[in-house]
$ cat protein-v4.csv   # CSV, C-alpha atoms
chain,number,residue,atom,x,y,z
A,1181,MET,CA,317.4,-39.2,90.7
A,1182,LYS,CA,315.7,-39.2,87.3
A,1183,ARG,CA,312.3,-40.8,87.1
A,1184,ASN,CA,312.6,-44.1,85.2
A,1185,THR,CA,310.7,-43.9,81.9
A,1186,LYS,CA,312.0,-47.4,81.0
A,1187,LYS,CA,309.4,-49.0,83.2
A,1188,LEU,CA,306.8,-48.1,80.6
A,1189,LEU,CA,308.2,-50.6,78.1
A,1190,GLY,CA,305.6,-53.3,77.6
A,1191,LEU,CA,302.7,-51.0,78.4
A,1192,GLY,CA,300.2,-50.5,75.6
A,1193,VAL,CA,299.2,-47.5,73.6
A,1194,THR,CA,296.5,-48.7,71.2
A,1195,MET,CA,293.3,-47.2,72.4
A,1196,THR,CA,289.7,-47.0,71.0
A,1197,ALA,CA,288.0,-43.7,70.4
A,1198,ALA,CA,286.0,-44.3,73.6
A,1199,ALA,CA,289.2,-44.8,75.6
A,1200,PHE,CA,290.6,-41.5,74.2
A,1201,MET,CA,287.6,-39.6,75.4
A,1202,LEU,CA,287.7,-41.3,78.8
A,1203,ALA,CA,291.4,-40.5,79.2
A,1204,ALA,CA,290.8,-36.9,78.3
A,1205,CYS,CA,288.3,-36.7,81.1
A,1206,GLY,CA,290.7,-38.3,83.6
A,1207,GLY,CA,290.1,-42.0,83.0
A,1208,GLY,CA,291.6,-44.5,80.5
A,1209,SER,CA,294.2,-46.1,82.7
A,1210,SER,CA,292.7,-49.6,82.5
A,1211,GLU,CA,292.6,-49.4,78.7
A,1212,GLU,CA,296.3,-48.4,78.7
A,1213,LYS,CA,297.3,-51.3,80.9
A,1214,ASN,CA,295.5,-53.9,78.8
A,1215,SER,CA,296.7,-52.8,75.4
A,1216,ALA,CA,299.7,-53.8,73.4
A,1217,GLU,CA,302.7,-51.5,73.1
A,1218,ASN,CA,303.1,-49.4,69.9
A,1219,GLU,CA,306.8,-50.2,69.4
A,1220,ASN,CA,307.3,-47.7,66.6
A,1221,ALA,CA,305.7,-44.7,68.3
A,1222,SER,CA,306.4,-41.4,66.6
A,1223,ILE,CA,305.9,-38.4,68.8
A,1224,LYS,CA,305.8,-34.7,67.8
A,1225,LEU,CA,306.9,-32.2,70.4
A,1226,TRP,CA,306.1,-28.5,70.4
A,1227,VAL,CA,308.3,-26.0,72.4
A,1228,ASP,CA,308.9,-22.3,72.2
A,1229,VAL,CA,311.4,-21.3,69.6
A,1230,ALA,CA,313.8,-20.1,72.3
A,1231,PHE,CA,313.8,-23.6,73.8
A,1232,VAL,CA,314.4,-25.7,70.8
A,1233,ASP,CA,318.2,-25.9,71.1
A,1234,THR,CA,317.8,-26.6,74.9
A,1235,TYR,CA,315.5,-29.6,74.4
A,1236,LYS,CA,317.1,-31.2,71.4
A,1237,PRO,CA,319.8,-33.0,73.5
A,1238,LEU,CA,317.2,-34.0,76.1
A,1239,VAL,CA,315.1,-35.5,73.3
A,1240,GLU,CA,318.1,-37.4,72.1
A,1241,GLU,CA,318.7,-38.8,75.6
A,1242,PHE,CA,315.0,-39.9,75.8
A,1243,GLU,CA,315.3,-41.7,72.4
A,1244,LYS,CA,318.4,-43.5,73.6
A,1245,GLU,CA,316.3,-44.9,76.5
A,1246,HIS,CA,313.5,-45.8,74.1
A,1247,LYS,CA,314.9,-47.2,70.9
A,1248,ASP,CA,311.6,-47.6,69.2
A,1249,TRP,CA,310.2,-44.2,70.0
A,1250,LYS,CA,311.1,-41.3,67.7
A,1251,VAL,CA,310.6,-37.7,68.7
A,1252,THR,CA,310.3,-34.8,66.3
A,1253,ILE,CA,310.8,-31.4,67.9
A,1254,LYS,CA,309.2,-28.3,66.3
A,1255,PRO,CA,308.9,-24.6,67.4
A,1256,SER,CA,305.4,-23.4,68.4
A,1257,GLU,CA,304.6,-20.6,70.7
A,1258,SER,CA,303.2,-21.9,74.0
A,1259,ALA,CA,301.0,-18.8,74.4
A,1260,SER,CA,299.0,-20.1,71.4
A,1261,ALA,CA,298.9,-23.7,72.5
A,1262,GLN,CA,295.2,-23.9,73.0
A,1263,GLU,CA,294.5,-22.1,69.7
A,1264,ASN,CA,296.9,-24.2,67.7
A,1265,LEU,CA,295.7,-27.5,69.2
A,1266,LYS,CA,292.0,-26.7,68.5
A,1267,LYS,CA,292.7,-26.0,64.8
A,1268,ASP,CA,293.4,-29.7,64.1
A,1269,PRO,CA,294.1,-31.9,67.1
A,1270,SER,CA,294.9,-34.8,65.0
A,1271,ALA,CA,297.7,-32.9,63.3
A,1272,ALA,CA,299.0,-31.1,66.4
A,1273,ALA,CA,301.9,-32.1,68.6
A,1274,ASP,CA,301.5,-35.1,70.9
A,1275,VAL,CA,303.3,-33.2,73.7
A,1276,PHE,CA,303.4,-29.4,73.9
A,1277,MET,CA,304.3,-26.5,76.1
A,1278,MET,CA,301.5,-24.4,77.6
A,1279,PRO,CA,300.7,-21.7,80.2
A,1280,HIS,CA,298.6,-23.2,82.9
A,1281,ASP,CA,295.8,-20.7,82.6
A,1282,GLN,CA,294.7,-22.3,79.3
A,1283,LEU,CA,294.0,-25.6,81.1
A,1284,GLY,CA,290.3,-25.0,81.8
A,1285,GLN,CA,289.6,-24.2,78.1
A,1286,MET,CA,291.5,-27.3,77.0
A,1287,VAL,CA,289.7,-29.6,79.4
A,1288,ASP,CA,286.3,-28.2,78.4
A,1289,ALA,CA,287.2,-28.7,74.7
A,1290,GLY,CA,288.4,-32.3,75.3
A,1291,ILE,CA,291.8,-31.7,73.7
A,1292,ILE,CA,294.2,-32.5,76.6
A,1293,TYR,CA,295.0,-35.9,78.0
A,1294,ALA,CA,294.8,-36.5,81.7
A,1295,ASN,CA,298.1,-37.3,83.5
A,1296,THR,CA,297.1,-40.9,84.3
A,1297,LYS,CA,300.7,-42.2,84.8
A,1298,TYR,CA,302.6,-39.7,86.8
A,1299,GLU,CA,300.2,-38.1,89.2
A,1300,ASP,CA,302.0,-39.4,92.2
A,1301,SER,CA,305.4,-38.2,91.1
A,1302,VAL,CA,304.1,-34.8,90.1
A,1303,LYS,CA,302.5,-34.3,93.5
A,1304,GLU,CA,305.5,-35.6,95.3
A,1305,ASN,CA,308.1,-33.5,93.4
A,1306,SER,CA,306.4,-30.3,92.5
A,1307,THR,CA,305.7,-27.2,94.6
A,1308,GLU,CA,302.1,-26.8,95.9
A,1309,SER,CA,301.3,-23.9,93.6
A,1310,ALA,CA,302.6,-25.9,90.6
A,1311,ILE,CA,300.4,-28.9,91.5
A,1312,GLU,CA,297.4,-26.6,91.9
A,1313,ALA,CA,298.1,-25.1,88.5
A,1314,ALA,CA,298.4,-28.5,86.8
A,1315,MET,CA,295.0,-29.6,88.1
A,1316,TYR,CA,291.5,-28.8,86.9
A,1317,ASP,CA,288.2,-29.9,88.4
A,1318,GLY,CA,290.0,-32.3,90.7
A,1319,LYS,CA,292.1,-34.0,88.0
A,1320,LEU,CA,295.8,-33.7,87.2
A,1321,TYR,CA,296.5,-32.8,83.5
A,1322,GLY,CA,299.8,-31.0,83.4
A,1323,TYR,CA,303.5,-31.7,83.9
A,1324,PRO,CA,305.0,-28.6,85.6
A,1325,TYR,CA,308.4,-27.5,84.5
A,1326,GLY,CA,308.6,-23.8,85.6
A,1327,VAL,CA,307.1,-21.0,87.7
A,1328,GLU,CA,307.1,-17.3,87.1
A,1329,SER,CA,305.7,-14.2,88.8
A,1330,GLN,CA,306.2,-10.5,88.7
A,1331,ILE,CA,309.0,-9.2,91.0
A,1332,LEU,CA,310.5,-5.9,91.9
A,1333,TYR,CA,313.6,-4.6,90.2
A,1334,TYR,CA,315.3,-1.6,91.7
A,1335,ASN,CA,318.3,0.7,91.6
A,1336,LYS,CA,320.3,-0.2,94.7
A,1337,SER,CA,322.2,3.2,94.6
A,1338,LYS,CA,318.8,4.9,95.2
A,1339,LEU,CA,316.9,2.4,97.3
A,1340,SER,CA,318.1,0.0,100.0
A,1341,GLU,CA,316.8,-3.5,100.8
A,1342,ASP,CA,314.8,-2.2,103.7
A,1343,ASP,CA,313.4,0.7,101.5
A,1344,VAL,CA,311.8,-1.7,99.1
A,1345,LYS,CA,310.1,-3.9,101.7
A,1346,SER,CA,307.1,-1.6,101.9
A,1347,TRP,CA,305.2,0.4,99.2
A,1348,GLU,CA,305.1,3.5,101.5
A,1349,THR,CA,308.8,3.6,102.2
A,1350,MET,CA,309.8,2.8,98.6
A,1351,THR,CA,307.6,5.5,97.1
A,1352,SER,CA,308.6,8.1,99.8
A,1353,LYS,CA,312.3,7.5,99.3
A,1354,GLY,CA,312.3,6.8,95.6
A,1355,LYS,CA,310.1,6.7,92.5
A,1356,LEU,CA,308.4,3.6,91.2
A,1357,GLY,CA,307.5,3.3,87.5
A,1358,THR,CA,304.4,1.2,87.1
A,1359,ASN,CA,301.2,1.1,85.1
A,1360,PHE,CA,297.8,1.9,86.7
A,1361,GLY,CA,296.3,3.9,83.9
A,1362,GLU,CA,296.8,2.0,80.6
A,1363,ALA,CA,296.4,-1.5,79.1
A,1364,GLY,CA,298.1,-4.1,81.2
A,1365,ALA,CA,297.2,-2.7,84.6
A,1366,ASN,CA,294.7,-5.6,85.1
A,1367,TYR,CA,297.5,-8.2,85.2
A,1368,ILE,CA,299.6,-6.2,87.6
A,1369,PHE,CA,297.0,-4.9,90.1
A,1370,THR,CA,294.0,-7.2,90.1
A,1371,PRO,CA,295.9,-9.3,92.8
A,1372,LEU,CA,295.5,-6.3,95.1
A,1373,PHE,CA,292.0,-7.5,95.8
A,1374,MET,CA,293.3,-10.8,96.9
A,1375,SER,CA,296.0,-9.1,99.0
A,1376,ASN,CA,293.2,-7.5,100.9
A,1377,GLY,CA,291.3,-10.8,101.5
A,1378,ASP,CA,288.9,-11.0,98.5
A,1379,GLU,CA,288.7,-13.9,96.1
A,1380,LEU,CA,288.7,-14.3,92.3
A,1381,TYR,CA,286.6,-17.2,91.3
A,1382,GLY,CA,286.7,-18.7,94.7
A,1383,ALA,CA,289.5,-20.1,96.9
A,1384,ASN,CA,290.9,-22.3,94.1
A,1385,GLY,CA,290.0,-20.1,91.1
A,1386,GLU,CA,287.5,-22.6,89.8
A,1387,ASP,CA,284.2,-21.2,91.1
A,1388,ILE,CA,282.4,-19.2,88.5
A,1389,ASN,CA,280.3,-17.4,91.2
A,1390,GLY,CA,283.2,-17.1,93.6
A,1391,THR,CA,284.4,-13.5,93.0
A,1392,ASN,CA,283.6,-11.2,95.9
A,1393,PHE,CA,285.4,-7.9,95.0
A,1394,ASN,CA,282.1,-6.0,95.6
A,1395,ASN,CA,282.6,-5.4,99.3
A,1396,ASP,CA,284.2,-3.0,101.7
A,1397,LYS,CA,287.7,-4.6,101.0
A,1398,GLY,CA,287.2,-4.1,97.3
A,1399,VAL,CA,286.2,-0.5,97.8
A,1400,GLN,CA,289.4,0.0,99.9
A,1401,VAL,CA,291.5,-1.3,97.0
A,1402,LEU,CA,289.9,1.2,94.6
A,1403,LYS,CA,290.5,4.1,97.0
A,1404,TRP,CA,294.1,3.1,97.3
A,1405,ILE,CA,294.5,2.9,93.5
A,1406,ARG,CA,293.1,6.4,93.2
A,1407,GLU,CA,295.5,7.7,95.9
A,1408,GLN,CA,298.4,6.6,93.8
A,1409,LYS,CA,297.6,9.1,91.1
A,1410,ASP,CA,298.5,11.8,93.7
A,1411,ASN,CA,301.5,9.9,95.1
A,1412,PRO,CA,304.7,11.8,93.8
A,1413,GLY,CA,306.6,8.5,94.3
A,1414,VAL,CA,304.5,6.7,91.7
A,1415,ILE,CA,305.2,7.5,88.0
A,1416,GLN,CA,302.7,6.2,85.5
A,1417,SER,CA,304.9,4.1,83.1
A,1418,ASN,CA,304.1,1.5,80.5
A,1419,ALA,CA,306.1,1.3,77.3
A,1420,ASP,CA,308.7,3.7,78.7
A,1421,ALA,CA,309.2,1.9,82.0
A,1422,LEU,CA,312.6,0.5,81.1
A,1423,SER,CA,314.0,3.7,79.6
A,1424,SER,CA,312.7,5.6,82.6
A,1425,LEU,CA,314.6,3.2,84.9
A,1426,GLY,CA,317.8,3.5,82.8
A,1427,ASN,CA,317.8,7.3,82.6
A,1428,GLY,CA,317.0,7.8,86.4
A,1429,LYS,CA,313.5,9.1,86.0
A,1430,THR,CA,312.4,6.1,88.1
A,1431,ASP,CA,314.2,3.9,90.7
A,1432,ALA,CA,312.1,0.8,90.7
A,1433,PHE,CA,310.1,-1.3,88.2
A,1434,MET,CA,307.6,-4.2,88.6
A,1435,SER,CA,308.0,-6.9,86.0
A,1436,GLY,CA,308.9,-10.6,85.7
A,1437,PRO,CA,312.0,-12.7,85.1
A,1438,TRP,CA,311.5,-12.1,81.3
A,1439,SER,CA,312.8,-8.6,81.9
A,1440,LYS,CA,316.0,-9.6,83.8
A,1441,ASN,CA,318.5,-9.0,80.9
A,1442,ASP,CA,316.9,-5.7,79.9
A,1443,VAL,CA,316.9,-4.4,83.5
A,1444,GLU,CA,320.5,-5.5,84.0
A,1445,LYS,CA,321.4,-3.5,80.9
A,1446,ALA,CA,319.5,-0.5,82.1
A,1447,LEU,CA,321.0,-0.5,85.7
A,1448,GLY,CA,324.4,-2.1,85.3
A,1449,ASP,CA,326.1,-2.4,88.7
A,1450,ASP,CA,323.2,-0.8,90.4
A,1451,PHE,CA,320.9,-3.8,89.5
A,1452,ALA,CA,318.9,-5.3,92.4
A,1453,VAL,CA,315.8,-7.4,92.7
A,1454,ALA,CA,313.3,-8.2,95.5
A,1455,PRO,CA,309.9,-9.8,96.1
A,1456,TYR,CA,306.9,-7.5,96.1
A,1457,PRO,CA,306.6,-5.0,99.1
A,1458,THR,CA,303.9,-4.9,101.7
A,1459,VAL,CA,301.1,-2.4,101.2
A,1460,ASP,CA,298.6,-0.7,103.4
A,1461,LEU,CA,295.2,-0.8,101.7
A,1462,GLY,CA,293.4,0.6,104.8
A,1463,ASN,CA,293.7,-2.1,107.4
A,1464,GLY,CA,297.4,-2.1,108.1
A,1465,GLU,CA,300.3,-3.7,106.2
A,1466,VAL,CA,299.6,-6.7,104.1
A,1467,GLN,CA,301.7,-8.5,101.5
A,1468,GLN,CA,301.1,-7.2,98.0
A,1469,LYS,CA,300.4,-10.3,95.8
A,1470,ALA,CA,301.0,-11.0,92.2
A,1471,PHE,CA,299.6,-13.6,89.8
A,1472,LEU,CA,301.6,-16.8,89.6
A,1473,GLY,CA,302.0,-18.5,86.2
A,1474,VAL,CA,303.1,-22.1,85.9
A,1475,LYS,CA,304.7,-23.5,82.8
A,1476,LEU,CA,303.4,-26.9,81.9
A,1477,PHE,CA,303.8,-29.7,79.3
A,1478,GLY,CA,300.6,-31.2,78.2
A,1479,VAL,CA,299.6,-34.3,76.2
A,1480,ASN,CA,297.2,-34.1,73.2
A,1481,ALA,CA,294.0,-36.0,73.8
A,1482,SER,CA,294.2,-37.1,70.1
A,1483,THR,CA,297.7,-38.6,70.4
A,1484,LYS,CA,298.0,-42.1,69.0
A,1485,SER,CA,300.8,-42.9,71.5
A,1486,PRO,CA,299.6,-41.8,74.9
A,1487,VAL,CA,302.0,-43.9,76.9
A,1488,ALA,CA,305.0,-42.7,74.9
A,1489,ALA,CA,303.7,-39.1,75.0
A,1490,MET,CA,303.2,-39.2,78.8
A,1491,ALA,CA,306.6,-40.7,79.2
A,1492,LEU,CA,308.2,-37.9,77.2
A,1493,ALA,CA,306.3,-35.2,79.2
A,1494,ASP,CA,307.4,-36.8,82.4
A,1495,PHE,CA,311.0,-37.1,81.3
A,1496,LEU,CA,311.3,-33.5,80.1
A,1497,THR,CA,310.1,-32.3,83.6
A,1498,SER,CA,312.5,-34.3,85.7
A,1499,LYS,CA,314.6,-32.5,88.3
A,1500,GLU,CA,317.7,-32.7,86.2
A,1501,ASN,CA,316.1,-31.5,83.1
A,1502,GLN,CA,314.4,-28.6,84.8
A,1503,LEU,CA,317.9,-27.6,86.1
A,1504,THR,CA,319.2,-27.8,82.5
A,1505,VAL,CA,316.4,-25.5,81.3
A,1506,PHE,CA,317.1,-23.1,84.2
A,1507,GLU,CA,320.8,-22.9,83.3
A,1508,LYS,CA,320.2,-22.4,79.6
A,1509,ASN,CA,316.9,-20.4,79.5
A,1510,GLY,CA,316.4,-19.0,83.1
A,1511,THR,CA,313.1,-20.8,83.7
A,1512,VAL,CA,312.7,-21.1,87.5
A,1513,PRO,CA,312.0,-24.8,88.2
A,1514,ALA,CA,308.7,-26.1,89.6
A,1515,ASN,CA,310.5,-29.1,91.1
A,1516,LYS,CA,311.0,-28.7,94.8
A,1517,GLU,CA,314.5,-30.3,94.9
A,1518,ALA,CA,315.6,-28.3,91.9
A,1519,GLN,CA,314.6,-25.1,93.6
A,1520,GLU,CA,317.0,-26.0,96.4
A,1521,ASP,CA,319.9,-26.5,94.1
A,1522,GLU,CA,322.8,-24.0,94.5
A,1523,LYS,CA,322.5,-23.0,90.8
A,1524,VAL,CA,319.0,-21.7,91.5
A,1525,THR,CA,319.5,-20.4,95.0
A,1526,SER,CA,322.5,-18.3,94.0
A,1527,ASP,CA,320.5,-16.4,91.4
A,1528,ASP,CA,318.8,-13.3,92.9
A,1529,VAL,CA,316.0,-13.2,90.3
A,1530,ALA,CA,315.2,-16.9,90.8
A,1531,LYS,CA,315.2,-16.4,94.6
A,1532,ALA,CA,312.7,-13.5,94.3
A,1533,VAL,CA,310.5,-15.5,92.0
A,1534,MET,CA,310.5,-18.5,94.4
A,1535,THR,CA,309.6,-16.3,97.3
A,1536,MET,CA,306.8,-14.8,95.2
A,1537,SER,CA,305.5,-18.3,94.2
A,1538,ASP,CA,304.3,-19.2,97.7
A,1539,ALA,CA,300.7,-18.6,98.8
A,1540,ASP,CA,301.5,-15.6,100.9
A,1541,HIS,CA,302.9,-13.7,98.0
A,1542,SER,CA,300.9,-14.8,95.0
A,1543,VAL,CA,297.7,-16.2,93.6
A,1544,VAL,CA,297.7,-19.0,91.0
A,1545,MET,CA,296.1,-17.5,87.9
A,1546,PRO,CA,292.6,-19.0,87.7
A,1547,LYS,CA,292.1,-21.6,84.9
A,1548,LEU,CA,288.4,-21.0,84.3
A,1549,PRO,CA,287.6,-20.2,80.7
A,1550,ALA,CA,285.7,-17.2,82.1
A,1551,MET,CA,289.0,-15.4,82.7
A,1552,VAL,CA,289.0,-14.6,79.0
A,1553,SER,CA,286.0,-12.2,79.6
A,1554,PHE,CA,287.3,-11.0,83.0
A,1555,TRP,CA,290.3,-9.0,81.8
A,1556,GLY,CA,288.5,-6.3,79.9
A,1557,PRO,CA,286.0,-5.3,82.6
A,1558,VAL,CA,288.6,-5.3,85.4
A,1559,GLU,CA,291.0,-3.3,83.2
A,1560,ALA,CA,288.4,-0.6,82.8
A,1561,VAL,CA,287.7,-0.4,86.5
A,1562,ILE,CA,291.4,-0.1,87.4
A,1563,ASN,CA,292.2,2.4,84.7
A,1564,ASP,CA,289.2,4.6,85.2
A,1565,THR,CA,289.6,4.6,89.0
A,1566,TYR,CA,293.2,5.7,88.7
A,1567,ASN,CA,292.4,8.3,86.1
A,1568,GLY,CA,289.7,9.8,88.3
A,1569,LYS,CA,286.8,8.8,85.9
A,1570,ILE,CA,284.9,7.1,88.7
A,1571,ALA,CA,283.6,9.0,91.7
A,1572,GLU,CA,284.3,7.4,95.1
A,1573,ASP,CA,280.6,7.0,95.8
A,1574,GLN,CA,280.3,4.9,92.7
A,1575,TYR,CA,283.1,2.4,93.6
A,1576,LEU,CA,280.8,-0.2,95.1
A,1577,THR,CA,278.4,0.1,92.2
A,1578,LYS,CA,281.2,-0.4,89.7
A,1579,LEU,CA,282.4,-3.5,91.6
A,1580,ASP,CA,278.9,-4.9,91.7
A,1581,LYS,CA,278.7,-4.6,88.0
A,1582,LEU,CA,282.2,-6.1,87.5
A,1583,VAL,CA,281.2,-9.2,89.6
A,1584,LYS,CA,277.9,-9.6,87.9
A,1585,ASP,CA,279.3,-9.3,84.4
A,1586,THR,CA,282.2,-11.8,85.1
A,1587,SER,CA,280.2,-14.4,87.1
A,1588,LYS,CA,278.0,-15.6,84.3
A,1589,SER,CA,278.3,-19.3,83.5
A,1590,ASP,CA,281.3,-20.0,81.2
A,1591,LYS,CA,279.7,-23.2,79.8
$ encode --input "protein-v4.csv" --output "structure tokens"
Amino acid sequence: MKRNTKKLLGLGVTMTAAAFMLAACGGGSSEEKNSAENENASIKLWVDVAFVDTYKPLVEEFEKEHKDWKVTIKPSESASAQENLKKDPSAAADVFMMPHDQLGQMVDAGIIYANTKYEDSVKENSTESAIEAAMYDGKLYGYPYGVESQILYYNKSKLSEDDVKSWETMTSKGKLGTNFGEAGANYIFTPLFMSNGDELYGANGEDINGTNFNNDKGVQVLKWIREQKDNPGVIQSNADALSSLGNGKTDAFMSGPWSKNDVEKALGDDFAVAPYPTVDLGNGEVQQKAFLGVKLFGVNASTKSPVAAMALADFLTSKENQLTVFEKNGTVPANKEAQEDEKVTSDDVAKAVMTMSDADHSVVMPKLPAMVSFWGPVEAVINDTYNGKIAEDQYLTKLDKLVKDTSKSDK
């Protein structure tokens, strides 16, 4: 059942500057309740260019329910949401798409409005990982509408379902094309440390001093990475990963749902997909994990119509509308009931992503602003380890430096 946005009629949206700041920090609800409604609210919505045609009819439906609220939809890349919002918050969209890992930076900058109206419904209807991603410092800000994670694509004429369940079997019976030695390895293989029991910025990804890669488990991860250089079943691939899969040089490829169409084109009838395999990092088989990304709608802290903006963000992320976006754009829903819909469960890529989105298979990408300065150092450690540029007796020293350099205060 759709969440009823009509119940907001009569609630006010005129707020003082102080109320804006309070709302951005998670307060402001009393001011909203006591103010008069802005009947002629005009709201600007930013979505990725590929989603504009999908959301236009949804916006029209929203406007039919709210005769005095006008929504203007514009294309704007969600990956640049934080950057574009900071340029001029007063001229930016009232509601916008964003990747969840930008949340910490937005909160610290005071440019995102706390979800003061729909906290209960988000927590009731969204998956646990989506809820975690939409929160920062104990407060809910985002409106989740999708989840994504890396998964394993493979050639089913070369590898069976059982073969791809473990890294050892997969790379002994076939060849995996993946990237250890070039830019981008950080995103793919940093989660190996968490697979082996370590933490990145603490258990919830918000502790600036919570990274503990510099221990025996972390050293085991680096040893394993170095071993893959000599594994004949592992082919260093990056820009050529898809072409290698298509011409038979490799039999499997690790990527996300964004690669679905390209992989189907490369493999044709031999296309198959699965969650990540298990891997033995030195203490027996453990589940190889990936980073989980959650797609959110956010509300601009400078909006002049916060009640209308929150109502729109909530409406766009209803179960029904998430299913519409899945059907038209392939975005795997964050809504629990939507994930159980036959349209979603009958899609092999969506099923693999949903499996990967649980806590046993993935780690919610940390939202700390410090992540910006984490990627470079960890990239160097992974690349240099794989390429043999770091001696084994220097692994712990390198990890000590990595943790020290990326644990400085982000304030």
$ closest_residue --input "protein-v4.csv" --among "A:Ile1415, A:Leu1548, A:Leu1225, A:Ile1311" --to "A:Gln1282" --atoms "all atoms listed in the file"
A:Leu1548
$ closest_residue --input "protein-v4.csv" --among "A:Phe1451, A:Phe1477, A:Tyr1321, A:Phe1373" --to "A:Lys1397" --atoms "only C-alpha atoms"
A:Phe1373
$ closest_residue --input "protein-v4.csv" --among "A:Ser1587, A:Thr1234, A:Asn1359, A:Thr1458" --to "A:Glu1559" --atoms "all atoms listed in the file"
A:Asn1359
$ atom_distance --input "protein-v4.csv" --atom1 "atom CA of A:Glu1312" --atom2 "atom CA of A:Val1453"
26.6 Å
$ atom_distance --input "protein-v4.csv" --atom1 "atom CA of A:Ile1368" --atom2 "atom CA of A:Asn1515"
25.6 Å
$ closest_atom_pairs --input "protein-v4.csv" --of "stretch 1341-1438 of chain A" --to "stretch 1463-1476 of chain A" --cutoff "12 Å" --atoms "all atoms listed in the file" --output "Markdown table"
| residue | atom | partner | partner_atom | distance |
| --- | --- | --- | --- | --- |
| A:Lys1345 | CA | A:Gln1467 | CA | 9.6 |
| A:Ser1346 | CA | A:Glu1465 | CA | 8.3 |
| A:Trp1347 | CA | A:Gln1468 | CA | 8.7 |
| A:Glu1348 | CA | A:Glu1465 | CA | 9.8 |
| A:Thr1349 | CA | A:Glu1465 | CA | 11.9 |
| A:Ala1365 | CA | A:Ala1470 | CA | 11.9 |
| A:Asn1366 | CA | A:Phe1471 | CA | 10.5 |
| A:Tyr1367 | CA | A:Phe1471 | CA | 7.4 |
| A:Ile1368 | CA | A:Ala1470 | CA | 6.8 |
| A:Phe1369 | CA | A:Ala1470 | CA | 7.6 |
| A:Thr1370 | CA | A:Ala1470 | CA | 8.2 |
| A:Pro1371 | CA | A:Ala1470 | CA | 5.4 |
| A:Leu1372 | CA | A:Lys1469 | CA | 6.4 |
| A:Phe1373 | CA | A:Lys1469 | CA | 8.9 |
| A:Met1374 | CA | A:Lys1469 | CA | 7.2 |
| A:Ser1375 | CA | A:Gln1468 | CA | 5.5 |
| A:Asn1376 | CA | A:Val1466 | CA | 7.2 |
| A:Gly1377 | CA | A:Val1466 | CA | 9.6 |
| A:Asp1378 | CA | A:Lys1469 | CA | 11.8 |
| A:Leu1380 | CA | A:Phe1471 | CA | 11.2 |
| A:Gly1385 | CA | A:Phe1471 | CA | 11.7 |
| A:Asp1396 | CA | A:Asn1463 | CA | 11.1 |
| A:Lys1397 | CA | A:Asn1463 | CA | 9.1 |
| A:Gln1400 | CA | A:Asn1463 | CA | 8.9 |
| A:Val1401 | CA | A:Asn1463 | CA | 10.7 |
| A:Trp1404 | CA | A:Asn1463 | CA | 11.4 |
| A:Met1434 | CA | A:Ala1470 | CA | 10.1 |
| A:Ser1435 | CA | A:Ala1470 | CA | 10.2 |
| A:Gly1436 | CA | A:Ala1470 | CA | 10.2 |
| A:Pro1437 | CA | A:Gly1473 | CA | 11.6 |
$ write_last_selection --input "protein-v4.csv" --atoms "C-alpha atoms" --output "PDB file, keeping the file's coordinate frame"
ATOM      1  CA  LYS A1345     310.100  -3.900 101.700  1.00  0.00           C
ATOM      2  CA  SER A1346     307.100  -1.600 101.900  1.00  0.00           C
ATOM      3  CA  TRP A1347     305.200   0.400  99.200  1.00  0.00           C
ATOM      4  CA  GLU A1348     305.100   3.500 101.500  1.00  0.00           C
ATOM      5  CA  THR A1349     308.800   3.600 102.200  1.00  0.00           C
ATOM      6  CA  ALA A1365     297.200  -2.700  84.600  1.00  0.00           C
ATOM      7  CA  ASN A1366     294.700  -5.600  85.100  1.00  0.00           C
ATOM      8  CA  TYR A1367     297.500  -8.200  85.200  1.00  0.00           C
ATOM      9  CA  ILE A1368     299.600  -6.200  87.600  1.00  0.00           C
ATOM     10  CA  PHE A1369     297.000  -4.900  90.100  1.00  0.00           C
ATOM     11  CA  THR A1370     294.000  -7.200  90.100  1.00  0.00           C
ATOM     12  CA  PRO A1371     295.900  -9.300  92.800  1.00  0.00           C
ATOM     13  CA  LEU A1372     295.500  -6.300  95.100  1.00  0.00           C
ATOM     14  CA  PHE A1373     292.000  -7.500  95.800  1.00  0.00           C
ATOM     15  CA  MET A1374     293.300 -10.800  96.900  1.00  0.00           C
ATOM     16  CA  SER A1375     296.000  -9.100  99.000  1.00  0.00           C
ATOM     17  CA  ASN A1376     293.200  -7.500 100.900  1.00  0.00           C
ATOM     18  CA  GLY A1377     291.300 -10.800 101.500  1.00  0.00           C
ATOM     19  CA  ASP A1378     288.900 -11.000  98.500  1.00  0.00           C
ATOM     20  CA  LEU A1380     288.700 -14.300  92.300  1.00  0.00           C
ATOM     21  CA  GLY A1385     290.000 -20.100  91.100  1.00  0.00           C
ATOM     22  CA  ASP A1396     284.200  -3.000 101.700  1.00  0.00           C
ATOM     23  CA  LYS A1397     287.700  -4.600 101.000  1.00  0.00           C
ATOM     24  CA  GLN A1400     289.400   0.000  99.900  1.00  0.00           C
ATOM     25  CA  VAL A1401     291.500  -1.300  97.000  1.00  0.00           C
ATOM     26  CA  TRP A1404     294.100   3.100  97.300  1.00  0.00           C
ATOM     27  CA  MET A1434     307.600  -4.200  88.600  1.00  0.00           C
ATOM     28  CA  SER A1435     308.000  -6.900  86.000  1.00  0.00           C
ATOM     29  CA  GLY A1436     308.900 -10.600  85.700  1.00  0.00           C
ATOM     30  CA  PRO A1437     312.000 -12.700  85.100  1.00  0.00           C
TER      31      PRO A1437
END
$ atom_distance --input "protein-v4.csv" --atom1 "atom CA of A:Ala1310" --atom2 "atom CA of A:Lys1547"
12.7 Å
$ residues_around --input "protein-v4.csv" --residues "A:Glu1517" --least-positions-apart "2" --cutoff "9 Å" --atoms "only C-alpha atoms" --output "ChimeraX atom specification"
/A:1305-1306,1499,1514-1515,1519-1521
